[in-house]
>>> print(open('coords36.txt').read())   # compact mmCIF, C-alpha atoms and all ligand atoms
# COMPACT_ATOMS: atom_id res chain seq x y z
CA MET V 15 12.79 14.13 -13.22
CA SER V 16 14.50 11.46 -11.15
CA ASP V 17 18.01 12.57 -12.13
CA VAL V 18 17.34 16.22 -11.32
CA GLN V 19 15.60 15.69 -8.01
CA PHE V 20 17.35 12.64 -6.61
CA PRO V 21 20.69 12.09 -8.40
CA ASN V 22 21.95 9.73 -5.68
CA PHE V 23 19.11 7.33 -6.31
CA SER V 24 18.74 7.59 -10.10
CA SER V 25 20.26 4.15 -10.79
CA LYS V 26 17.65 2.58 -8.49
CA ILE V 27 14.78 4.71 -9.81
CA ASP V 28 15.55 3.92 -13.44
CA ARG V 29 14.97 0.14 -13.03
CA PRO V 30 11.71 -1.54 -14.15
CA THR V 31 9.01 -1.53 -11.45
CA SER V 32 8.91 -5.35 -11.42
CA VAL V 33 12.57 -5.30 -10.27
CA LYS V 34 12.21 -2.37 -7.87
CA ILE V 35 9.38 -3.95 -5.90
CA GLN V 36 11.76 -6.67 -4.67
CA ASP V 37 13.44 -3.94 -2.59
CA PHE V 38 10.20 -3.24 -0.78
CA GLN V 39 9.43 -6.79 0.40
CA ARG V 40 10.65 -8.73 3.42
CA GLN V 41 10.10 -12.48 3.81
CA GLY V 42 6.85 -12.49 1.85
CA ARG V 43 5.62 -9.35 3.57
CA LEU V 44 5.61 -5.68 2.58
CA LYS V 45 8.44 -3.61 4.02
CA HIS V 46 7.26 -0.38 2.34
CA ILE V 47 4.33 0.24 -0.01
CA ILE V 48 5.25 2.37 -2.98
CA PHE V 49 3.66 0.78 -6.08
CA GLY V 50 0.27 -0.76 -6.88
CA GLN V 51 2.05 -3.80 -8.33
CA GLN V 52 3.04 -4.81 -4.79
CA LEU V 53 -0.62 -5.68 -4.13
CA THR V 54 -0.59 -9.23 -5.48
CA PRO V 55 -3.80 -11.31 -5.53
CA LEU V 56 -2.50 -13.36 -2.57
CA LEU V 57 -1.71 -10.26 -0.51
CA MET V 58 -5.03 -8.64 -1.48
CA GLU V 59 -6.89 -11.68 -0.15
CA LYS V 60 -5.02 -11.48 3.15
CA LEU V 61 -5.60 -7.74 3.49
CA CYS V 62 -9.30 -8.06 2.65
CA ARG V 63 -9.66 -10.79 5.29
CA SER V 64 -7.97 -8.59 7.89
CA ALA V 65 -10.04 -5.55 6.88
CA ASP V 66 -13.24 -7.61 7.29
CA LYS V 67 -12.12 -8.73 10.75
CA ILE V 68 -11.28 -5.18 11.84
CA ARG V 69 -14.61 -3.95 10.51
CA THR V 70 -16.52 -6.65 12.44
CA MET V 71 -14.59 -6.11 15.66
CA ALA V 72 -15.10 -2.34 15.51
CA LYS V 73 -18.86 -2.90 15.75
CA ASN V 74 -18.77 -3.67 19.46
CA PRO V 75 -17.02 -2.14 22.50
CA ASP V 76 -15.10 -5.32 23.36
CA GLY V 77 -13.79 -5.66 19.79
CA ASN V 78 -12.85 -1.98 19.75
CA ALA V 79 -10.90 -2.35 22.99
CA GLN V 80 -9.02 -5.35 21.52
CA LEU V 81 -8.20 -3.39 18.38
CA ARG V 82 -6.94 -0.40 20.37
CA ASN V 83 -4.42 -2.67 22.10
CA LEU V 84 -3.11 -4.19 18.90
CA LEU V 85 -0.50 -1.57 17.98
CA ALA V 86 -0.67 0.72 21.02
CA ASP V 87 3.14 0.86 21.23
CA LYS V 88 3.47 2.37 17.71
CA ARG V 89 3.65 5.97 16.52
CA ALA V 90 2.85 7.22 13.01
CA MET V 91 3.93 10.39 11.18
CA LEU V 92 1.42 11.67 8.64
CA TYR V 93 3.54 13.85 6.34
CA PHE V 94 1.06 15.31 3.85
CA THR V 95 2.45 18.29 1.99
CA GLN V 96 -0.17 17.98 -0.76
CA PRO V 97 -3.89 18.54 -0.04
CA SER V 98 -5.88 15.52 1.08
CA THR V 99 -9.14 14.83 2.87
CA ARG V 100 -9.82 11.09 2.56
CA THR V 101 -6.33 9.62 2.58
CA PHE V 102 -5.17 11.73 5.50
CA LEU V 103 -8.29 11.26 7.62
CA SER V 104 -8.78 7.56 6.87
CA PHE V 105 -5.14 6.83 7.77
CA MET V 106 -5.58 8.86 10.95
CA ALA V 107 -8.81 7.02 11.78
CA ALA V 108 -7.13 3.66 10.98
CA CYS V 109 -4.30 4.53 13.39
CA GLN V 110 -6.81 5.52 16.09
CA ILE V 111 -8.70 2.22 15.65
CA LEU V 112 -5.44 0.29 16.20
CA GLY V 113 -4.21 2.42 19.11
CA ILE V 114 -1.37 3.98 17.06
CA THR V 115 -0.46 7.50 18.18
CA CYS V 116 -0.34 9.98 15.27
CA ASN V 117 1.36 13.23 14.53
CA GLU V 118 1.25 15.28 11.36
CA VAL V 119 3.08 17.76 9.17
CA ARG V 120 0.81 19.20 6.50
CA ASP V 121 2.52 22.50 5.81
CA PRO V 122 6.31 22.29 5.34
CA LYS V 123 6.46 26.00 6.28
CA THR V 124 5.94 24.87 9.87
CA SER V 125 8.96 22.54 9.70
CA SER V 126 12.68 23.24 9.41
CA GLU V 127 12.44 22.84 5.63
CA VAL V 128 12.09 26.66 5.69
CA LYS V 129 15.66 26.70 7.08
CA ARG V 130 16.79 24.81 3.97
CA GLU V 131 16.68 21.40 5.60
CA SER V 132 16.41 18.89 2.77
CA ARG V 133 13.24 16.83 2.38
CA THR V 134 15.23 13.64 2.83
CA ASP V 135 16.74 14.92 6.10
CA SER V 136 13.20 15.73 7.28
CA ILE V 137 12.11 12.17 6.57
CA ARG V 138 15.13 10.72 8.35
CA MET V 139 14.29 12.88 11.38
CA PHE V 140 10.71 11.58 11.40
CA SER V 141 12.09 8.04 11.40
CA SER V 142 13.91 8.87 14.64
CA TYR V 143 10.66 9.58 16.45
CA PHE V 144 8.01 7.50 14.64
CA ASP V 145 7.53 3.87 13.64
CA VAL V 146 5.94 4.43 10.23
CA ILE V 147 5.89 7.38 7.81
CA ILE V 148 2.74 7.86 5.74
CA MET V 149 3.52 10.48 3.12
CA ARG V 150 1.91 12.38 0.29
CA SER V 151 3.99 14.73 -1.81
CA GLN V 152 3.69 16.56 -5.09
CA VAL V 153 7.25 15.44 -5.82
CA GLU V 154 7.22 12.34 -8.02
CA LYS V 155 9.41 9.45 -6.79
CA PHE V 156 9.89 11.03 -3.36
CA ALA V 157 8.21 8.20 -1.45
CA GLU V 158 10.22 5.69 -3.51
CA VAL V 159 13.47 7.51 -2.68
CA CYS V 160 12.57 7.60 1.03
CA ALA V 161 12.06 3.82 0.94
CA TYR V 162 15.55 3.35 -0.59
CA MET V 163 16.97 5.64 2.09
CA MET V 164 15.31 3.53 4.82
CA ASN V 165 16.71 0.36 3.20
CA GLU V 166 20.22 1.85 3.25
CA LEU V 167 19.83 2.78 6.91
CA GLU V 168 18.72 -0.78 7.67
CA GLU V 169 21.78 -2.15 5.85
CA GLN V 170 23.92 0.11 8.05
CA GLU V 171 22.06 -1.30 11.09
CA GLN V 172 20.54 2.08 11.81
CA ARG V 173 16.94 2.92 12.60
CA SER V 174 14.65 2.36 9.62
CA VAL V 175 10.84 2.48 9.40
CA PRO V 176 8.21 1.53 6.77
CA ILE V 177 7.30 4.17 4.18
CA ILE V 178 3.72 4.31 2.91
CA ASN V 179 3.19 6.16 -0.35
CA ALA V 180 -0.09 8.02 0.16
CA GLY V 181 0.09 9.62 -3.31
CA ALA V 182 3.16 10.82 -5.18
CA GLY V 183 2.75 13.53 -7.84
CA SER V 184 0.75 12.12 -10.76
CA ASP V 185 2.71 8.91 -10.26
CA GLU V 186 1.04 6.26 -8.08
CA HIS V 187 -1.47 5.99 -5.22
CA PRO V 188 -1.17 2.36 -4.09
CA THR V 189 -3.29 2.62 -0.95
CA GLN V 190 -6.14 4.04 -3.04
CA ALA V 191 -5.81 0.91 -5.20
CA LEU V 192 -5.95 -1.12 -1.99
CA LEU V 193 -9.28 0.36 -0.91
CA ASP V 194 -10.61 0.27 -4.49
CA MET V 195 -9.79 -3.45 -4.60
CA TYR V 196 -11.39 -4.01 -1.19
CA THR V 197 -14.55 -2.32 -2.51
CA ILE V 198 -14.42 -4.44 -5.68
CA PHE V 199 -14.03 -7.63 -3.62
CA ARG V 200 -17.02 -6.67 -1.49
CA SER V 201 -19.13 -5.60 -4.48
CA PHE V 202 -18.44 -8.81 -6.39
CA ASN V 203 -18.84 -11.21 -3.47
CA PHE V 204 -21.87 -12.92 -4.97
CA GLU V 205 -21.43 -16.08 -2.88
CA SER V 206 -22.41 -14.11 0.21
CA LEU V 207 -25.77 -13.56 -1.53
CA SER V 208 -26.27 -17.31 -1.90
CA VAL V 209 -26.33 -17.71 1.89
CA ASN V 210 -28.54 -14.76 2.68
CA VAL V 211 -30.59 -13.93 -0.38
CA SER V 212 -30.48 -16.95 -2.64
CA SER V 213 -33.33 -15.72 -4.87
CA GLU V 214 -31.31 -12.55 -5.61
CA LEU V 215 -28.31 -14.66 -6.66
CA ASN V 216 -30.49 -16.90 -8.83
CA GLN V 217 -31.98 -13.89 -10.56
CA LEU V 218 -28.51 -12.48 -11.18
CA LYS V 219 -27.25 -15.82 -12.56
CA ARG V 220 -30.25 -16.10 -14.88
CA ARG V 221 -29.62 -12.62 -16.23
CA TYR V 222 -25.81 -12.89 -16.31
CA PRO V 223 -24.96 -16.60 -16.80
CA ASP V 224 -21.17 -15.96 -16.79
CA LEU V 225 -21.24 -14.19 -13.43
CA VAL V 226 -18.42 -15.14 -11.03
CA SER V 227 -17.38 -13.75 -7.66
CA GLY V 228 -14.14 -11.79 -7.42
CA PRO V 229 -12.26 -9.24 -9.54
CA HIS V 230 -11.46 -11.66 -12.40
CA GLN V 231 -13.55 -12.15 -15.58
CA LYS V 232 -14.78 -8.59 -15.40
CA THR V 233 -14.90 -5.47 -17.56
CA TYR V 234 -13.61 -2.28 -15.92
CA LEU V 235 -14.43 1.09 -17.44
CA PHE V 236 -12.12 3.97 -16.47
CA CYS V 237 -13.39 7.44 -17.39
CA GLY V 238 -11.99 10.98 -17.22
CA ASP V 239 -8.40 11.99 -16.64
CA ILE V 240 -6.75 8.69 -17.50
CA SER V 241 -3.21 9.89 -18.12
CA ARG V 242 -2.70 11.99 -14.99
CA GLY V 243 -4.95 10.08 -12.62
CA ARG V 244 -2.53 8.23 -10.34
CA THR V 245 -5.41 6.20 -8.92
CA VAL V 246 -6.18 4.78 -12.38
CA ARG V 247 -2.55 3.75 -12.90
CA SER V 248 -2.31 2.02 -9.52
CA LEU V 249 -5.67 0.23 -9.75
CA ALA V 250 -5.14 -0.88 -13.36
CA THR V 251 -1.76 -2.42 -12.48
CA VAL V 252 -3.33 -4.36 -9.60
CA LEU V 253 -6.28 -5.58 -11.70
CA ALA V 254 -3.94 -6.65 -14.49
CA GLN V 255 -2.77 -9.47 -12.20
CA TYR V 256 -6.21 -11.16 -12.42
CA PRO V 257 -7.26 -13.43 -15.33
CA ASP V 258 -9.73 -12.47 -18.07
CA VAL V 259 -9.84 -8.77 -17.33
CA ARG V 260 -11.02 -6.29 -19.97
CA MET V 261 -10.45 -2.55 -19.56
CA PHE V 262 -12.23 0.31 -21.34
CA PHE V 263 -10.57 3.74 -21.12
CA VAL V 264 -12.88 6.65 -21.93
CA SER V 265 -11.33 10.10 -22.08
CA PRO V 266 -11.03 13.20 -24.26
CA ASP V 267 -8.64 12.39 -27.10
CA HIS V 268 -5.85 14.63 -25.84
CA PRO V 269 -2.27 13.53 -24.96
CA SER V 270 -2.60 15.00 -21.45
CA LEU V 271 -5.73 12.98 -20.69
CA ARG V 272 -5.87 9.75 -22.71
CA LEU V 273 -4.25 6.45 -21.71
CA ASP V 274 -0.48 6.86 -21.86
CA SER V 275 1.46 4.43 -24.02
CA ARG V 276 3.57 3.05 -21.13
CA LEU V 277 0.57 1.94 -19.11
CA LYS V 278 -1.12 0.64 -22.28
CA GLN V 279 1.91 -1.50 -23.16
CA PHE V 280 2.15 -2.78 -19.59
CA LEU V 281 -1.52 -3.82 -19.59
CA ILE V 282 -1.34 -5.48 -23.00
CA GLY V 283 1.83 -7.30 -21.85
CA ALA V 284 -0.16 -8.57 -18.85
CA ASP V 285 -2.84 -10.02 -21.22
CA VAL V 286 -5.44 -7.37 -20.44
CA GLU V 287 -7.85 -6.65 -23.29
CA VAL V 288 -7.57 -2.86 -23.68
CA HIS V 289 -9.99 -0.62 -25.60
CA GLU V 290 -10.03 3.18 -25.83
CA PHE V 291 -13.10 5.34 -26.47
CA ALA V 292 -13.86 9.05 -26.81
CA SER V 293 -17.37 8.96 -25.33
CA LEU V 294 -19.42 6.96 -22.81
CA ASP V 295 -22.01 6.45 -25.57
CA GLU V 296 -19.73 4.38 -27.82
CA THR V 297 -20.36 0.72 -28.55
CA ILE V 298 -18.27 -2.45 -28.77
CA ASP V 299 -19.31 -5.37 -31.00
CA GLY V 300 -22.72 -3.73 -31.33
CA SER V 301 -23.35 -3.31 -27.57
CA PRO V 302 -23.13 -0.04 -25.64
CA ILE V 303 -19.88 -0.05 -23.65
CA LEU V 304 -21.89 0.88 -20.53
CA SER V 305 -23.99 -2.29 -20.78
CA GLU V 306 -20.76 -4.36 -20.96
CA THR V 307 -19.31 -2.78 -17.80
CA ASP V 308 -19.04 -4.56 -14.44
CA CYS V 309 -17.18 -1.79 -12.64
CA PHE V 310 -17.32 1.87 -13.64
CA TYR V 311 -14.37 3.93 -12.30
CA MET V 312 -14.88 7.68 -12.76
CA THR V 313 -12.11 10.21 -12.21
CA ARG V 314 -11.97 13.99 -12.00
CA ILE V 315 -10.04 16.07 -14.54
CA GLN V 316 -7.00 16.99 -12.44
CA ARG V 317 -6.85 20.71 -13.14
CA GLU V 318 -4.06 21.25 -10.61
CA HIS V 319 -1.64 19.70 -13.15
CA ASN V 320 -2.77 21.99 -16.00
CA THR V 321 -0.46 24.44 -17.72
CA PRO V 322 -2.15 27.77 -18.56
CA GLU V 323 -2.13 26.68 -22.23
CA PHE V 324 -3.87 23.37 -21.47
CA GLU V 325 -6.34 25.11 -19.12
CA SER V 326 -7.44 27.30 -22.01
CA GLN V 327 -7.75 24.24 -24.34
CA LEU V 328 -9.73 22.42 -21.65
CA SER V 329 -12.18 25.29 -21.24
CA GLN V 330 -13.08 24.84 -24.95
CA MET V 331 -13.62 21.07 -24.63
CA ASP V 332 -17.06 19.48 -24.39
CA LEU V 333 -16.80 17.22 -21.32
CA SER V 334 -20.40 15.98 -21.46
CA PRO V 335 -19.42 12.68 -23.19
CA PHE V 336 -17.45 11.86 -20.01
CA GLN V 337 -20.12 12.64 -17.42
CA LEU V 338 -22.45 10.16 -15.74
CA SER V 339 -26.19 10.80 -15.83
CA LEU V 340 -29.18 8.79 -14.68
CA GLN V 341 -29.74 7.77 -18.32
CA ARG V 342 -26.21 6.44 -18.63
CA VAL V 343 -26.35 4.71 -15.22
CA ALA V 344 -29.54 2.95 -16.38
CA GLN V 345 -27.49 1.15 -19.05
CA LEU V 346 -25.11 -0.44 -16.51
CA LYS V 347 -25.53 -4.04 -15.33
CA SER V 348 -27.82 -4.42 -12.32
CA PHE V 349 -24.90 -5.48 -10.06
CA ALA V 350 -22.31 -3.05 -11.48
CA ALA V 351 -20.26 -0.99 -9.03
CA ILE V 352 -19.76 2.74 -9.63
CA LEU V 353 -16.53 3.93 -8.05
CA HIS V 354 -14.80 7.31 -7.84
CA PRO V 355 -11.66 7.91 -5.77
CA PHE V 356 -12.99 11.41 -4.98
CA PRO V 357 -12.87 14.34 -4.69
CA ARG V 358 -15.39 14.87 -7.46
CA ASP V 359 -15.48 18.20 -9.24
CA GLU V 360 -18.58 20.06 -8.14
CA VAL V 361 -18.36 22.46 -11.13
CA VAL V 362 -17.79 19.84 -13.86
CA GLY V 363 -20.14 17.35 -12.18
CA GLU V 364 -18.58 14.18 -13.63
CA ILE V 365 -20.95 12.29 -11.29
CA PRO V 366 -23.93 14.51 -10.47
CA PRO V 367 -25.42 14.11 -6.96
CA GLU V 368 -28.65 12.55 -8.30
CA VAL V 369 -26.63 9.40 -9.09
CA ASP V 370 -25.73 9.04 -5.38
CA ARG V 371 -29.08 7.40 -4.59
CA ASP V 372 -28.54 4.58 -7.09
CA PRO V 373 -27.66 1.36 -5.19
CA ARG V 374 -24.73 0.85 -7.57
CA ALA V 375 -23.10 4.11 -6.42
CA MET V 376 -20.34 2.77 -4.15
CA TYR V 377 -18.13 5.83 -3.83
CA PHE V 378 -19.08 6.88 -0.30
CA ARG V 379 -18.75 3.27 0.91
CA GLN V 380 -15.48 3.10 -1.01
CA ALA V 381 -14.14 6.08 0.97
CA ARG V 382 -15.17 4.45 4.28
CA ASN V 383 -13.62 1.17 3.13
CA GLY V 384 -10.35 3.12 3.01
CA MET V 385 -10.30 3.24 6.80
CA TRP V 386 -10.66 -0.55 7.18
CA ALA V 387 -8.30 -1.37 4.32
CA ARG V 388 -5.62 1.02 5.58
CA ALA V 389 -5.95 -0.37 9.10
CA ALA V 390 -5.40 -3.85 7.60
CA LEU V 391 -2.32 -2.56 5.80
CA LEU V 392 -0.85 -1.16 9.05
CA VAL V 393 -1.50 -4.50 10.78
CA HIS V 394 0.34 -6.25 7.93
CA LEU V 395 3.29 -3.84 7.92
CA PHE V 396 3.77 -4.30 11.66
CA ASP V 397 3.43 -8.09 11.30
CA ALA V 398 0.44 -8.16 13.65
CA SER V 399 -1.93 -10.24 11.46
CA GLU V 400 -1.74 -13.27 13.76
CA ASP V 401 -2.46 -11.06 16.78
CA LEU V 402 -5.45 -9.61 14.91
CA PHE V 403 -6.82 -13.07 14.07
CA PHE V 404 -6.36 -14.20 17.68
CA ALA V 405 -8.07 -11.05 19.03
CA HIS V 406 -10.88 -11.53 16.50
CA SER V 407 -11.59 -15.12 17.54
CA LYS V 408 -11.46 -14.14 21.25
CA SER V 409 -13.88 -11.31 20.58
CA ILE V 410 -16.29 -13.73 18.82
CA GLU V 411 -15.99 -16.27 21.68
CA ARG V 412 -16.89 -13.57 24.21
CA SER V 413 -19.86 -12.36 22.17
CA VAL V 414 -21.58 -15.84 22.04
N1 LIG P 1 -8.87 9.78 -3.09
C1 LIG P 1 -8.03 10.60 -2.46
O1 LIG P 1 -6.80 10.41 -2.48
O2 LIG P 1 -8.64 11.63 -1.80
P1 LIG P 1 -7.88 12.78 -1.02
O3 LIG P 1 -7.07 13.53 -2.04
O4 LIG P 1 -8.95 13.60 -0.39
O5 LIG P 1 -6.97 12.13 -0.02
>>> encode(input="coords36.txt", output="structure tokens", more="lines below")
Ligand code: CP
Amino acid sequence: MSDVQFPNFSSKIDRPTSVKIQDFQRQGRLKHIIFGQQLTPLLMEKLCRSADKIRTMAKNPDGNAQLRNLLADKRAMLYFTQPSTRTFLSFMAACQILGITCNEVRDPKTSSEVKRESRTDSIRMFSSYFDVIIMRSQVEKFAEVCAYMMNELEEQEQRSVPIINAGAGSDEHPTQALLDMYTIFRSFNFESLSVNVSSELNQLKRRYPDLVSGPHQKTYLFCGDISRGRTVRSLATVLAQYPDVRMFFVSPDHPSLRLDSRLKQFLIGADVEVHEFASLDETIDGSPILSETDCFYMTRIQREHNTPEFESQLSQMDLSPFQLSLQRVAQLKSFAAILHPFPRDEVVGEIPPEVDRDPRAMYFRQARNGMWARAALLVHLFDASEDLFFAHSKSIERSV
């Protein structure tokens, strides 16, 4: 794919991700965000802290006014040529919170691509007018290639702007991993309970003696379209950086859907304990896998990637072993978090609406967390974290 689409960049594309990510950093900070692996535990902590500050400040008019001043001199291009609701709107809302002016291209038929302008020329044009390019494309590696192009322009002392990969083909979706991680941090922040609701924490500790705050020492269950779900790939690679992580992958046993061998090898190489199952009702060491799960991550079967042949195979498959139900939710731990990157498939019903009322259903909060987490990412990319912290402390001083 890389050779055909982007021959000029194939030598860069063909390197291991651990090497490539060095190209997207600058002095300990992100220059572009292309891969989930760029979200290290240290960076995640910083971004979560910033997201919490933005969230608090946005609760009052004074804080909102401070936030709107933070990046008011910046302009963002939202180049989304693949459908999106949450990623597009939460990035737009994040920009509005921070005072960033936005523009968008969603249909390339309205741009000069119809006059055979290349995609890379389009991106270079956007960089002439905007200060960041947030892009989603069905073309795998396109965001990565745009980041290399910006790096080359920088080397030539020409204008260059950060590239944010907002979803590339069935490849990666690093900012989804960012908001998933932010939701995981918030869901597993048990110490906050000890201040406010100590009896709740004590009860939890009695029932689950090994309970610790944070993403480590946890079991994550991924269900559905594991192979083609770019959100699974990005989140799993971020979680693999934490100690004592176990991952269960539950999917139909089909090469288009089950865990692909590259991701499996990567996770095993990162000391993750990996198990694969063909139903949510399976057991491990005599216990139901659901009762062992701390975080349940459901995904939709991504029919848009289906060939006609696979579509017909899929229509014969029984998907009920991969659907949540109230009975299955009842087996989860009392503090477990149920996540879904959304959209969910209304016809398949991998999470039926009756589950929404369960306090463990985090997916609507998860989507809203995307706005705060993406705002924190923009603050980081524009090196405005210190300004944010200063504005936050001023806003607190004024409110007391
Ligand atoms: N989760 C996610 O990427 O949603 P959208 O496709 O609606 O942006």
>>> residues_around(input="coords36.txt", residues="region 238-255 of chain V", least_positions_apart="2", cutoff="6 Å", atoms="only C-alpha atoms", output="short mmCIF file (atom, residue, chain, number, x, y, z; two decimals) with C-alpha atoms, in the coordinates of the input")
data_model
loop_
_atom_site.label_atom_id
_atom_site.label_comp_id
_atom_site.auth_asym_id
_atom_site.auth_seq_id
_atom_site.Cartn_x
_atom_site.Cartn_y
_atom_site.Cartn_z
CA GLY V 50 0.27 -0.76 -6.88
CA GLN V 51 2.05 -3.80 -8.33
CA SER V 184 0.75 12.12 -10.76
CA ASP V 185 2.71 8.91 -10.26
CA GLU V 186 1.04 6.26 -8.08
CA HIS V 187 -1.47 5.99 -5.22
CA PRO V 188 -1.17 2.36 -4.09
CA ALA V 191 -5.81 0.91 -5.20
CA SER V 265 -11.33 10.10 -22.08
CA LEU V 271 -5.73 12.98 -20.69
CA ARG V 272 -5.87 9.75 -22.71
CA LEU V 273 -4.25 6.45 -21.71
CA ASP V 274 -0.48 6.86 -21.86
CA THR V 313 -12.11 10.21 -12.21
CA ILE V 315 -10.04 16.07 -14.54
#
>>> atom_distance(input="coords36.txt", atom1="CA of Met91 (chain V)", atom2="CA of Phe404 (chain V)")
27.4 Å
>>> residues_near_point(input="coords36.txt", point="(-7.0, 11.8, 17.0)", cutoff="8 Å", atoms="only C-alpha atoms", output="ChimeraX atom specification")
/V:106-107,110,115-116
>>> atom_distance(input="coords36.txt", atom1="CA of Ala350 (chain V)", atom2="CA of Ser206 (chain V)")
16.1 Å
>>> residues_near_ligand(input="coords36.txt", ligand="ligand LIG 1 (chain P)", cutoff="9 Å", atoms="only C-alpha atoms and all ligand atoms", output="PyMOL selection string")
chain V and resi 96-104+150+180-181+187+189-190+245+354-357+381
>>> closest_residue(input="coords36.txt", among="V:Ile137, V:Leu235, V:Met149, V:Ile178", to="Leu395 (chain V)", atoms="all atoms listed in the file")
V:Ile178
>>> closest_residue(input="coords36.txt", among="V:Val414, V:Val146, V:Met71, V:Ile27", to="Leu85 (chain V)", atoms="only C-alpha atoms")
V:Val146
>>> residues_around(input="coords36.txt", residues="Ser142 (chain V)", least_positions_apart="6", cutoff="10 Å", atoms="all atoms listed in the file", output="ChimeraX atom specification")
/V:172-175
>>> residues_around(input="coords36.txt", residues="Ser413 (chain V)", least_positions_apart="4", cutoff="9 Å", atoms="only C-alpha atoms", output="PyMOL selection string")
chain V and resi 76+408-409
>>> atom_distance(input="coords36.txt", atom1="CA of Thr134 (chain V)", atom2="CA of Ile35 (chain V)")
20.5 Å
>>> closest_residue(input="coords36.txt", among="V:Gly183, V:Ser275, V:Gly283, V:Val264", to="Gln316 (chain V)", atoms="all atoms listed in the file")
V:Gly183
>>> closest_residue(input="coords36.txt", among="V:Gln52, V:Lys45, V:Pro257, V:Met331", to="Ser32 (chain V)", atoms="only C-alpha atoms")
V:Gln52
>>> closest_residue(input="coords36.txt", among="V:Arg82, V:Lys219, V:Asp397, V:Glu325", to="Gln41 (chain V)", atoms="only C-alpha atoms")
V:Asp397
>>> closest_residue(input="coords36.txt", among="V:His268, V:Arg276, V:Lys129, V:Lys347", to="Ser305 (chain V)", atoms="all atoms listed in the file")
V:Lys347
